[in-house]
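These notes are about the structure you will find just below.
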Amino acid sequence: MSHGKVRPESGAIPHWYTAGDDVVTLTEGDGARVYDDEGNEYLDFVAQLYCVNAGHSEQRIVDAITEQAQRIPYVASASGNDTRAELAARIGDVTPGDLSEVFFSVSGSEANEMAVQFAREYTGGRKVLTRWQSYHGATYGAASLTGDPATRNAMERYGGTASTKFLPPLTYRSPFDGDTPEEIGRQAADHLEFVIRNEGPDDVAAVMMEPVGGSSGAYTAPPGYFERVREICDEYDVLLVADEVITGFGRCGGWFGVGTEDVVPDLLTFAKGVTSAYVPLAGVVARPPLGDFLREEGIEVGQTFAGHPLACAAGVAALDVYADGLVENAREVGAYLGEQLAELEAHDVVGDVRGRGLLRSVEFTDPETGEPFLHPWAEDGDNPVDEVKERMKERGVLVGSGRPNVQLLFSPPLCVDRADVDAAVSALDESIADVF
């Protein structure tokens with residue numbers, strides 16, 4: 001019986017990311033630019049998947065990986081390793097507050113699932129609260145944490161994490177009716193407290209949030225929101241988990257996104273930028289009381305490739321590169337990117353421009369209806385936002401679209417300069433004019 005699955009041609013290598021004829025085949029990269037198999041150059045304003053923070057072909061990271069491979073390429077996670085220990089200490093040096101206990105993993109999804117396990121063990125609670133319009137991964141557990149219905153529904157049929165959703169503190173198309181961002185922030189925090197109380201505080205282990213929305217739209221929290229969330233979590237003995245898989249390691253103009261909110265979470269997850277994506281690596285950073293608890297009680301979450309020496313060597317070198325002016329550059333050039341994108345609000349189809357540092361979003365709105373051109377979670381239908389993205393690619397600029405499909409995301413390597421920003425924004429401006 002046929003179930004509609006297509007078998008690849010003999011010798012073909014199937015890969016779900018590269019389905020379709022319009023996918024660019026990239027073969028080289030240098031700094032903020034990548035090159036396809038036909039020699040075409042593109043300005044990589046999505047850092048591939050919001051992750052090549054140091055830029056492509058950064059020689060210091062390549063050399064560190066090579067040196068480690070020549071010395072000892074793999075050490076089991078049950079054994080000690082000098083490079084692994086160095087990276088753990090270095091991460092503890094740049095995380096906010098007293099976050100210092102590092103537990104390595106392989107991917108961001110796994111790191112978020114690990115944080116859930118830690119929170120449950122420590123608190124005895126079962127539930128984890130996450131926001132609608134969020135993204136925390138695509139493995140079964142992490143997908144059920146995610147607030148993207150397409151991802152969540154596909155995975156939750158097989159199992160979940162007892163995750164309950166609450167409303168995000170959006171100021172554009174907001175679910176709240178406050179007249180100012182500050183008032184919306186208070187309403188959103190009050191709503192979270194309402195959810196905690198109705199779920200039963202003793203059964204809530206943690207609240208997990210991205211400091212700045214990642215692939216769900218680069219939305220920032222209103223002033224005062226995170227401070228009030230921290231107070232609520234402390235009042236009800238609920239752990240606060242910051243998902244920094246996208247926002248970490250300079251992306252938002254500071255070492256970590258939550259650091260720009262002046263709040264210290266109980267757990268912080270990381271991935272992507274820790275090695276500038278040169279080698280897969282992820283992990284969780286905990287505050288000392290939680291770290292001490294996990295060491296004393298033990299927890300079975302070991303992974304074969306967690307803390308892989310090649311990845312840790314890449315991580316140490318990447319941190320050196322970030323400290324050598326890239327975090328500051330992300331803050332300064334990111335502010336310039338925000339200013340230039342804001343000028344595009346002159347187009348009546350640009351509804352909102354938002355973000356922080358080098359994580360920015362442009363959301364589109366049908367000026368006749370005030371609504372998106374396509375339902376935010378629709379899989380089919382004509383969507384002019386997709387056409388704008390395609391026109392930008394034709395102009396030599398790659399950008400992201402994230403979920404929901406009503407926006408374009410800008411997340412370039414941290415080494416971009418103002419001229420790169422001008423080129424990308426000009427391509428967007430011209431592409432909007434073409435399509436609309």
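Each chain of the structure tokens is named A, B, ... in the order shown, its residues numbered from 1; ligands are numbered from 1 in display order.
Residues in contact with region 254-264 of chain A at up to 6 Å, not including ones fewer than 5 positions away on its chain and judged by only C-alpha atoms, are Pro96, Gly97, Pro211, Thr247, Gly248 and Phe249 of chain A.
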Write the selection just made, keeping C-alpha atoms, as a PDB file, in the first residue's frame?
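Printed below is result_7.pdb as written:
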ATOM      1  CA  PRO A  96      24.789  36.957  34.139  1.00  0.00           C
ATOM      2  CA  GLY A  97      24.982  37.042  37.939  1.00  0.00           C
ATOM      3  CA  PRO A 211      14.695  36.914  26.358  1.00  0.00           C
ATOM      4  CA  THR A 247      20.024  35.235  21.782  1.00  0.00           C
ATOM      5  CA  GLY A 248      23.265  34.119  23.425  1.00  0.00           C
ATOM      6  CA  PHE A 249      26.890  35.006  22.665  1.00  0.00           C
TER       7      PHE A 249
END
(request) Fewer than 2 positions away in the same chain doesn't count, so skip those; otherwise give me all residues within 9 Å of region 238-246 of chain A, counting only C-alpha atoms, as a ChimeraX atom specification. (result) /A:49-51,107-109,111-112,115-116,119,123,125,136,196,201-202,204-215,229-230,232-236,248-249,251,256-258,264-274,282,359
(request) Go through region 200-344 of chain A and collect every residue that DSSP, computed from the backbone, puts in alpha helix (DSSP H); the answer should be as a PyMOL selection string. (result) chain A and resi 225-235+288-297+309-321+327-342
(request) Considering only C-alpha atoms, return as a PyMOL selection string whatever protein or nucleic-acid residues lie within 7 Å of Leu409 (chain A), sequence-local ones (same chain, fewer than 4 positions apart) excluded. (result) chain A and resi 360-362+399-402
Selection to disk with C-alpha atoms, as a JSON list (two decimals), in the first residue's frame:
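So the final result, stored in part-v9.json, reads:
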[["chain", "number", "residue", "atom", "x", "y", "z"],
["A", 360, "ARG", "CA", 15.63, 42.20, 14.11],
["A", 361, "SER", "CA", 12.26, 41.57, 12.49],
["A", 362, "VAL", "CA", 10.09, 43.37, 9.94],
["A", 399, "VAL", "CA", 17.33, 36.66, 5.27],
["A", 400, "GLY", "CA", 15.16, 34.47, 7.47],
["A", 401, "SER", "CA", 11.40, 34.25, 7.73],
["A", 402, "GLY", "CA", 10.90, 32.31, 10.94]]
(request) Would you please work out which residue, of A:Glu300, A:Asp320, A:Glu67, A:Asp420, is nearest to Arg33 (chain A) when using only C-alpha atoms? (result)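 With only C-alpha atoms as the atom set, the closest residue is A:Asp420.
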(request) Could you please write out, as a PyMOL selection string, every residue of region 75-159 of chain A that DSSP assigns to strand (DSSP E)? (result) chain A and resi 101-105+127-131
Generate the output file for the selected residues, N, CA and C atoms, as a tab-separated table (two decimals), in the first residue's frame.
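So the final result, stored in result.tsv, reads:
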chain	number	residue	atom	x	y	z
A	101	GLU	N	27.39	27.00	36.86
A	101	GLU	CA	27.50	25.54	36.79
A	101	GLU	C	27.09	25.09	35.39
A	102	VAL	N	28.02	24.59	34.60
A	102	VAL	CA	27.79	24.29	33.19
A	102	VAL	C	27.64	22.79	32.98
A	103	PHE	N	26.56	22.41	32.27
A	103	PHE	CA	26.31	21.03	31.89
A	103	PHE	C	26.18	21.00	30.37
A	104	PHE	N	27.04	20.26	29.69
A	104	PHE	CA	27.07	20.30	28.23
A	104	PHE	C	26.07	19.32	27.61
A	105	SER	N	25.61	19.69	26.43
A	105	SER	CA	24.72	18.88	25.61
A	105	SER	C	25.20	19.03	24.17
A	127	LYS	N	5.07	20.54	35.79
A	127	LYS	CA	4.70	21.36	34.65
A	127	LYS	C	5.75	22.42	34.34
A	128	VAL	N	5.84	22.75	33.05
A	128	VAL	CA	6.70	23.85	32.59
A	128	VAL	C	5.82	24.79	31.78
A	129	LEU	N	5.90	26.08	32.07
A	129	LEU	CA	5.10	27.08	31.37
A	129	LEU	C	5.95	27.77	30.31
A	130	THR	N	5.43	27.82	29.09
A	130	THR	CA	6.11	28.50	27.99
A	130	THR	C	5.10	29.35	27.24
A	131	ARG	N	5.59	30.29	26.44
A	131	ARG	CA	4.73	31.25	25.78
A	131	ARG	C	4.21	30.73	24.44
(request) Name the closest residue to Asn53 (chain A) among the candidates A:Leu428, A:Leu294, A:Leu358, A:Ala78; distances are taken between atoms, counting only C-alpha atoms. (result) A:Leu358
(request) Go through A:Gly137, A:Gly200, A:Pro280, A:Pro288 one by one, measure the shortest atom-to-atom distance of each to Pro309 (chain A) using only C-alpha atoms, and give the residue with the smallest value. (result) A:Pro280
